[in-house]
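Shown next: work10.pdb, given as PDB, C-alpha atoms, pLDDT in the B column.
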```pdb
ATOM      1  CA  MET A1356      -7.033 -25.664  -0.813  1.00 84.00           C
ATOM      2  CA  PRO A1357      -3.547 -24.295   0.011  1.00 91.00           C
ATOM      3  CA  LYS A1358      -1.842 -24.946   3.304  1.00 95.00           C
ATOM      4  CA  PRO A1359      -3.154 -22.193   5.669  1.00 97.00           C
ATOM      5  CA  ILE A1360       0.232 -21.384   7.197  1.00 97.00           C
ATOM      6  CA  MET A1361       3.487 -19.897   5.982  1.00 97.00           C
ATOM      7  CA  ASN A1362       6.635 -18.940   7.851  1.00 97.00           C
ATOM      8  CA  LEU A1363       8.020 -15.498   6.979  1.00 97.00           C
ATOM      9  CA  ASP A1364      11.292 -17.222   6.021  1.00 96.00           C
ATOM     10  CA  GLU A1365       9.364 -18.918   3.154  1.00 96.00           C
ATOM     11  CA  VAL A1366       7.999 -15.727   1.556  1.00 97.00           C
ATOM     12  CA  ALA A1367       8.980 -15.316  -2.103  1.00 97.00           C
ATOM     13  CA  PHE A1368       9.505 -11.679  -3.083  1.00 97.00           C
ATOM     14  CA  ASP A1369       7.458 -11.314  -6.259  1.00 93.00           C
ATOM     15  CA  ASP A1370       7.012  -7.517  -6.335  1.00 94.00           C
ATOM     16  CA  ILE A1371      10.358  -5.729  -6.529  1.00 95.00           C
ATOM     17  CA  GLU A1372      10.499  -1.973  -7.093  1.00 93.00           C
ATOM     18  CA  GLU A1373      13.700  -0.094  -7.890  1.00 95.00           C
ATOM     19  CA  ASN A1374      12.551   3.418  -8.675  1.00 94.00           C
ATOM     20  CA  GLY A1375      14.873   5.843  -6.879  1.00 96.00           C
ATOM     21  CA  LYS A1376      13.289   6.856  -3.571  1.00 97.00           C
ATOM     22  CA  TYR A1377      10.657   4.121  -4.010  1.00 97.00           C
ATOM     23  CA  THR A1378      12.660   0.932  -3.628  1.00 97.00           C
ATOM     24  CA  SER A1379      11.333  -2.194  -1.913  1.00 97.00           C
ATOM     25  CA  SER A1380      10.667  -5.905  -2.145  1.00 98.00           C
ATOM     26  CA  ARG A1381       7.247  -7.361  -1.324  1.00 97.00           C
ATOM     27  CA  GLY A1382       6.178 -10.950  -1.016  1.00 97.00           C
ATOM     28  CA  GLN A1383       2.515 -11.917  -1.058  1.00 96.00           C
ATOM     29  CA  ILE A1384       1.316 -14.078   1.798  1.00 97.00           C
ATOM     30  CA  GLY A1385      -2.498 -13.902   1.879  1.00 95.00           C
ATOM     31  CA  THR A1386      -3.193 -15.481  -1.512  1.00 92.00           C
ATOM     32  CA  GLN A1387      -0.532 -18.135  -0.869  1.00 95.00           C
ATOM     33  CA  ILE A1388      -2.271 -19.415   2.275  1.00 96.00           C
ATOM     34  CA  GLY A1389      -5.894 -19.104   1.144  1.00 95.00           C
ATOM     35  CA  ALA A1390      -6.956 -15.705   2.490  1.00 95.00           C
ATOM     36  CA  ARG A1391     -10.096 -14.351   0.851  1.00 92.00           C
ATOM     37  CA  LYS A1392     -11.048 -11.048   2.477  1.00 93.00           C
ATOM     38  CA  LEU A1393      -7.679  -9.897   3.799  1.00 95.00           C
ATOM     39  CA  GLY A1394      -4.497  -9.242   1.893  1.00 95.00           C
ATOM     40  CA  TYR A1395      -1.119  -9.458   3.554  1.00 94.00           C
ATOM     41  CA  ASN A1396       2.461  -9.264   2.490  1.00 97.00           C
ATOM     42  CA  LEU A1397       5.977  -8.964   3.830  1.00 98.00           C
ATOM     43  CA  THR A1398       7.665  -5.724   2.772  1.00 98.00           C
ATOM     44  CA  VAL A1399      11.408  -5.008   2.919  1.00 98.00           C
ATOM     45  CA  VAL A1400      12.655  -1.419   2.503  1.00 98.00           C
ATOM     46  CA  PRO A1401      16.350  -0.418   2.369  1.00 98.00           C
ATOM     47  CA  PRO A1402      17.662   2.577   4.350  1.00 98.00           C
ATOM     48  CA  GLY A1403      16.629   5.955   2.946  1.00 98.00           C
ATOM     49  CA  LYS A1404      13.801   4.489   0.844  1.00 98.00           C
ATOM     50  CA  ALA A1405      10.004   4.195   0.910  1.00 98.00           C
ATOM     51  CA  GLN A1406       7.821   1.443  -0.529  1.00 96.00           C
ATOM     52  CA  CYS A1407       5.321   3.804  -2.160  1.00 96.00           C
ATOM     53  CA  PRO A1408       4.262   7.461  -2.409  1.00 98.00           C
ATOM     54  CA  PHE A1409       2.147   9.200   0.265  1.00 98.00           C
ATOM     55  CA  HIS A1410      -1.438   7.998  -0.305  1.00 98.00           C
ATOM     56  CA  CYS A1411      -4.848   7.214   1.195  1.00 98.00           C
ATOM     57  CA  HIS A1412      -7.475   4.597   0.382  1.00 98.00           C
ATOM     58  CA  HIS A1413     -11.181   5.301   0.142  1.00 97.00           C
ATOM     59  CA  GLY A1414     -12.152   1.599   0.014  1.00 95.00           C
ATOM     60  CA  GLU A1415      -9.519  -0.351   1.944  1.00 96.00           C
ATOM     61  CA  GLU A1416      -8.097  -0.188   5.452  1.00 98.00           C
ATOM     62  CA  GLU A1417      -4.483  -1.090   6.157  1.00 98.00           C
ATOM     63  CA  MET A1418      -2.425  -2.136   9.165  1.00 98.00           C
ATOM     64  CA  PHE A1419       1.348  -2.463   9.435  1.00 98.00           C
ATOM     65  CA  LEU A1420       3.466  -4.323  11.991  1.00 98.00           C
ATOM     66  CA  ILE A1421       7.116  -3.260  12.026  1.00 98.00           C
ATOM     67  CA  LEU A1422       9.275  -6.398  12.388  1.00 98.00           C
ATOM     68  CA  GLU A1423      12.758  -4.865  12.018  1.00 98.00           C
ATOM     69  CA  GLY A1424      14.265  -1.437  11.583  1.00 98.00           C
ATOM     70  CA  GLU A1425      13.182   2.083  12.307  1.00 98.00           C
ATOM     71  CA  GLY A1426      11.827   4.938  10.331  1.00 98.00           C
ATOM     72  CA  GLU A1427       9.114   7.502  10.025  1.00 98.00           C
ATOM     73  CA  LEU A1428       5.386   7.345   9.406  1.00 98.00           C
ATOM     74  CA  ARG A1429       3.865  10.233   7.502  1.00 98.00           C
ATOM     75  CA  PHE A1430       0.205  10.289   8.513  1.00 98.00           C
ATOM     76  CA  GLY A1431      -2.002  13.168   7.398  1.00 98.00           C
ATOM     77  CA  ASP A1432      -0.105  16.328   8.307  1.00 98.00           C
ATOM     78  CA  GLN A1433       1.907  14.607  11.080  1.00 98.00           C
ATOM     79  CA  ARG A1434       5.134  12.613  11.238  1.00 98.00           C
ATOM     80  CA  TYR A1435       5.790   9.860  13.783  1.00 98.00           C
ATOM     81  CA  PRO A1436       8.965   7.897  14.561  1.00 98.00           C
ATOM     82  CA  ILE A1437       8.422   4.140  14.165  1.00 98.00           C
ATOM     83  CA  ARG A1438      10.419   1.133  15.288  1.00 98.00           C
ATOM     84  CA  LYS A1439      10.343  -2.633  15.786  1.00 98.00           C
ATOM     85  CA  HIS A1440       7.017  -3.950  17.132  1.00 98.00           C
ATOM     86  CA  ASP A1441       5.044  -0.777  16.367  1.00 98.00           C
ATOM     87  CA  VAL A1442       1.540  -1.438  15.019  1.00 98.00           C
ATOM     88  CA  ILE A1443       0.166   1.188  12.634  1.00 98.00           C
ATOM     89  CA  ALA A1444      -3.497   1.716  11.711  1.00 98.00           C
ATOM     90  CA  CYS A1445      -4.368   3.372   8.399  1.00 98.00           C
ATOM     91  CA  PRO A1446      -8.175   3.626   8.130  1.00 98.00           C
ATOM     92  CA  GLN A1447     -10.162   4.556   5.036  1.00 97.00           C
ATOM     93  CA  GLY A1448     -10.499   8.227   4.283  1.00 98.00           C
ATOM     94  CA  GLY A1449      -9.064  11.244   2.558  1.00 97.00           C
ATOM     95  CA  PRO A1450      -5.794  13.176   2.873  1.00 98.00           C
ATOM     96  CA  GLU A1451      -6.229  13.439   6.647  1.00 98.00           C
ATOM     97  CA  VAL A1452      -5.323   9.710   6.870  1.00 98.00           C
ATOM     98  CA  ALA A1453      -2.882   9.579   3.949  1.00 98.00           C
ATOM     99  CA  HIS A1454       0.177   7.576   4.923  1.00 98.00           C
ATOM    100  CA  GLN A1455       3.691   6.582   3.943  1.00 98.00           C
ATOM    101  CA  ILE A1456       6.352   4.520   5.703  1.00 98.00           C
ATOM    102  CA  ILE A1457       9.907   5.772   5.172  1.00 98.00           C
ATOM    103  CA  ASN A1458      13.017   3.930   6.313  1.00 98.00           C
ATOM    104  CA  THR A1459      15.056   6.718   7.933  1.00 98.00           C
ATOM    105  CA  GLY A1460      17.289   4.243   9.784  1.00 98.00           C
ATOM    106  CA  THR A1461      20.637   2.729   8.852  1.00 98.00           C
ATOM    107  CA  THR A1462      19.440  -0.877   8.504  1.00 98.00           C
ATOM    108  CA  THR A1463      16.838  -2.661   6.396  1.00 98.00           C
ATOM    109  CA  MET A1464      13.227  -2.255   7.534  1.00 98.00           C
ATOM    110  CA  ARG A1465      10.858  -5.236   7.384  1.00 98.00           C
ATOM    111  CA  TYR A1466       7.148  -5.037   8.054  1.00 98.00           C
ATOM    112  CA  LEU A1467       4.022  -7.085   7.711  1.00 98.00           C
ATOM    113  CA  ALA A1468       1.281  -5.267   5.781  1.00 98.00           C
ATOM    114  CA  LEU A1469      -2.361  -6.267   6.168  1.00 98.00           C
ATOM    115  CA  SER A1470      -5.358  -4.819   4.317  1.00 97.00           C
ATOM    116  CA  THR A1471      -9.011  -5.423   3.734  1.00 96.00           C
ATOM    117  CA  MET A1472      -9.683  -6.541   0.166  1.00 92.00           C
ATOM    118  CA  SER A1473     -12.241  -4.166  -1.243  1.00 90.00           C
ATOM    119  CA  GLU A1474     -13.854  -4.989  -4.579  1.00 91.00           C
ATOM    120  CA  VAL A1475     -13.567  -1.273  -5.438  1.00 93.00           C
ATOM    121  CA  ASP A1476     -10.893   1.099  -4.158  1.00 95.00           C
ATOM    122  CA  THR A1477      -9.972   4.678  -4.916  1.00 96.00           C
ATOM    123  CA  CYS A1478      -6.460   5.623  -3.916  1.00 97.00           C
ATOM    124  CA  GLU A1479      -5.560   9.311  -3.673  1.00 97.00           C
ATOM    125  CA  TYR A1480      -2.003  10.711  -3.784  1.00 98.00           C
ATOM    126  CA  PRO A1481      -2.053  14.157  -2.087  1.00 98.00           C
ATOM    127  CA  ASP A1482       1.574  15.091  -2.955  1.00 98.00           C
ATOM    128  CA  SER A1483       1.098  14.627  -6.704  1.00 97.00           C
ATOM    129  CA  GLY A1484      -2.647  15.090  -7.172  1.00 97.00           C
ATOM    130  CA  LYS A1485      -3.128  11.624  -8.724  1.00 97.00           C
ATOM    131  CA  ILE A1486      -6.102   9.298  -8.307  1.00 97.00           C
ATOM    132  CA  LEU A1487      -6.080   5.531  -8.839  1.00 95.00           C
ATOM    133  CA  ILE A1488      -9.302   3.583  -9.402  1.00 95.00           C
ATOM    134  CA  VAL A1489      -9.108  -0.206  -8.991  1.00 93.00           C
ATOM    135  CA  THR A1490     -11.858  -2.821  -9.273  1.00 92.00           C
ATOM    136  CA  GLY A1491     -11.516  -6.578  -9.030  1.00 81.00           C
ATOM    137  CA  GLN A1492      -9.137  -8.411  -6.741  1.00 64.00           C
ATOM    138  CA  ILE A1493      -7.515 -10.571  -9.411  1.00 61.00           C
ATOM    139  CA  ALA A1494      -4.577  -9.080 -11.309  1.00 60.00           C
ATOM    140  CA  GLY A1495      -5.530  -8.249 -14.873  1.00 64.00           C
ATOM    141  CA  SER A1496      -9.272  -8.134 -14.210  1.00 74.00           C
ATOM    142  CA  GLY A1497     -11.542  -5.143 -13.689  1.00 87.00           C
ATOM    143  CA  VAL A1498     -10.508  -1.514 -13.993  1.00 90.00           C
ATOM    144  CA  HIS A1499      -7.081  -0.118 -13.154  1.00 90.00           C
ATOM    145  CA  ALA A1500      -6.845   3.573 -14.082  1.00 92.00           C
ATOM    146  CA  MET A1501      -4.642   6.371 -12.778  1.00 95.00           C
ATOM    147  CA  PHE A1502      -5.148  10.007 -13.658  1.00 93.00           C
ATOM    148  CA  ARG A1503      -4.533  13.498 -12.357  1.00 95.00           C
ATOM    149  CA  LYS A1504      -7.207  14.909 -10.092  1.00 91.00           C
ATOM    150  CA  GLU A1505      -7.493  18.106 -12.142  1.00 91.00           C
ATOM    151  CA  ASN A1506      -8.330  16.175 -15.351  1.00 90.00           C
ATOM    152  CA  THR A1507     -12.051  16.084 -14.731  1.00 88.00           C
ATOM    153  CA  VAL A1508     -14.693  16.281 -17.439  1.00 89.00           C
ATOM    154  CA  ASP A1509     -18.374  17.121 -17.575  1.00 91.00           C
ATOM    155  CA  TYR A1510     -20.781  14.237 -16.883  1.00 91.00           C
ATOM    156  CA  TYR A1511     -22.002  14.264 -20.519  1.00 94.00           C
ATOM    157  CA  ASP A1512     -18.557  14.677 -22.102  1.00 93.00           C
ATOM    158  CA  ARG A1513     -18.293  12.565 -25.335  1.00 94.00           C
ATOM    159  CA  GLU A1514     -21.849  11.230 -24.910  1.00 95.00           C
ATOM    160  CA  PRO A1515     -23.926  11.183 -28.119  1.00 94.00           C
ATOM    161  CA  SER A1516     -26.435  13.996 -28.157  1.00 87.00           C
TER     162      SER A1516
END
```

What's the structure tokens form of this structure?
Amino acid sequence: MPKPIMNLDEVAFDDIEENGKYTSSRGQIGTQIGARKLGYNLTVVPPGKAQCPFHCHHGEEEMFLILEGEGELRFGDQRYPIRKHDVIACPQGGPEVAHQIINTGTTTMRYLALSTMSEVDTCEYPDSGKILIVTGQIAGSGVHAMFRKENTVDYYDREPS
């Protein structure tokens, strides 16, 4: 059993994205300290960047605690200024609860991200019309498929007749 405590100064950034607007560093915490039903990580976002595209989860709920910096929360069709010590709730649902944190400040933004760990999640991206289906909590297991929403097929498509 791992030690059930970790200081944020000890977090190793193991998920680093450098993709234009979507640039961030994330370090997993939950798995490192033995969490089973909650996932949490430390996320660092440089000025002018976002960690990920605007999205919503149909299986997981997320919460964010802003530790440093300031920015903007896109939430549904609204935009909210955010700053140090703000707590953000992102419940399950459709585009009305889609969310994205953008660092609009001049300094690095750091936040703690917490989520329920659903065995099955569907993530929807309203800006681009993509859908992500994920099963299994262990990397490399289960299904991980992303497709465009408009690429639907009939229920019996490719089934033997």

Could you expand the PyMOL selection byres ((chain A and resi 1482-1490) around 7) into the explicit residues it covers here, written as a PDB file with C-alpha atoms, keeping the file's coordinate frame?
```
ATOM      1  CA  PHE A1409       2.147   9.200   0.265  1.00 98.00           C
ATOM      2  CA  GLU A1474     -13.854  -4.989  -4.579  1.00 91.00           C
ATOM      3  CA  VAL A1475     -13.567  -1.273  -5.438  1.00 93.00           C
ATOM      4  CA  ASP A1476     -10.893   1.099  -4.158  1.00 95.00           C
ATOM      5  CA  THR A1477      -9.972   4.678  -4.916  1.00 96.00           C
ATOM      6  CA  CYS A1478      -6.460   5.623  -3.916  1.00 97.00           C
ATOM      7  CA  GLU A1479      -5.560   9.311  -3.673  1.00 97.00           C
ATOM      8  CA  TYR A1480      -2.003  10.711  -3.784  1.00 98.00           C
ATOM      9  CA  PRO A1481      -2.053  14.157  -2.087  1.00 98.00           C
ATOM     10  CA  GLY A1491     -11.516  -6.578  -9.030  1.00 81.00           C
ATOM     11  CA  GLN A1492      -9.137  -8.411  -6.741  1.00 64.00           C
ATOM     12  CA  GLY A1497     -11.542  -5.143 -13.689  1.00 87.00           C
ATOM     13  CA  VAL A1498     -10.508  -1.514 -13.993  1.00 90.00           C
ATOM     14  CA  HIS A1499      -7.081  -0.118 -13.154  1.00 90.00           C
ATOM     15  CA  ALA A1500      -6.845   3.573 -14.082  1.00 92.00           C
ATOM     16  CA  MET A1501      -4.642   6.371 -12.778  1.00 95.00           C
ATOM     17  CA  PHE A1502      -5.148  10.007 -13.658  1.00 93.00           C
ATOM     18  CA  ARG A1503      -4.533  13.498 -12.357  1.00 95.00           C
ATOM     19  CA  LYS A1504      -7.207  14.909 -10.092  1.00 91.00           C
TER      20      LYS A1504
END
```

Pick out the residues sitting within 9 Å of Gln1447 (chain A), and hand them over as a VMD selection string; count all atoms listed in the file, and ignore anything fewer than 5 positions along from it in its own chain. chain A and resid 1411 to 1417 1452 to 1453

Taking (-5.5, -21.6, 7.4) as a centre in this file's frame and 8 Å as the limit, can you find every polymer residue with an atom that close, using only C-alpha atoms, and give them as an NGL selection string? :A and (1358-1360 or 1388-1390)

Output the selection as a compact mmCIF listing (two decimals), in the frame of the given file - C-alpha atoms for each residue.
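Done, and the output landed in selection_15.txt:
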```txt
# COMPACT_ATOMS: atom_id res chain seq x y z
CA LYS A 1358 -1.84 -24.95 3.30
CA PRO A 1359 -3.15 -22.19 5.67
CA ILE A 1360 0.23 -21.38 7.20
CA ILE A 1388 -2.27 -19.42 2.28
CA GLY A 1389 -5.89 -19.10 1.14
CA ALA A 1390 -6.96 -15.70 2.49
```

When you look at Asp1441 (chain A) with a cut-off of 12 Å (counting all atoms listed in the file), what residues show up, excluding the ones that are within fewer than 6 positions of it in the same chain? I need them as JSON, numbers by chain. {"A": [1418, 1419, 1420, 1421, 1422, 1423, 1424, 1425, 1426, 1427, 1428, 1435, 1456, 1465, 1466, 1467]}

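Put simply, CA of Lys1392 (chain A) is 15.4 Å away from CA of Pro1357 (chain A).
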
Picked residues, the PyMOL selection byres ((chain A and resi 1402) around 8), expected as a PyMOL selection string: chain A and resi 1400-1401+1403-1404+1458-1464

The PyMOL selection byres ((chain A and resi 1380) around 6) resolved against shown file, as a ChimeraX atom specification: /A:1368,1370-1371,1379,1381,1398-1399

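Here CA of Met1472 (chain A) and CA of Thr1507 (chain A) stand 27.2 Å from one another.
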
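In this structure, CA of Gln1455 (chain A) sits 26.6 Å away from CA of Met1361 (chain A).
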
Of the candidates A:Gln1433, A:Ser1470, A:Asn1374, A:Asn1362, which one gets nearest to Cys1445 (chain A) if we count all atoms listed in the file? A:Ser1470

Please list, as a PyMOL selection string, the residues that have an atom at most 6 Å away from (-1.4, 12.7, 5.8) in the coordinates of this file, counting all atoms listed in the file. chain A and resi 1430-1432+1450-1454

Any chance you could work out the axis-aligned box around region 1394-1403 of chain A, listed atoms only, 8 Å on each side, giving centre and edge lengths in Å to one decimal, as JSON?
```
{"center_x": 6.6, "center_y": -1.8, "center_z": 3.1, "size_x": 38.2, "size_y": 31.4, "size_z": 18.5}
```

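With distances taken over all atoms listed in the file, A:Ile1457 is the one residue among A:Ile1457, A:Ile1437, A:Leu1363, A:Met1356 lying closest to Ala1405 (chain A).
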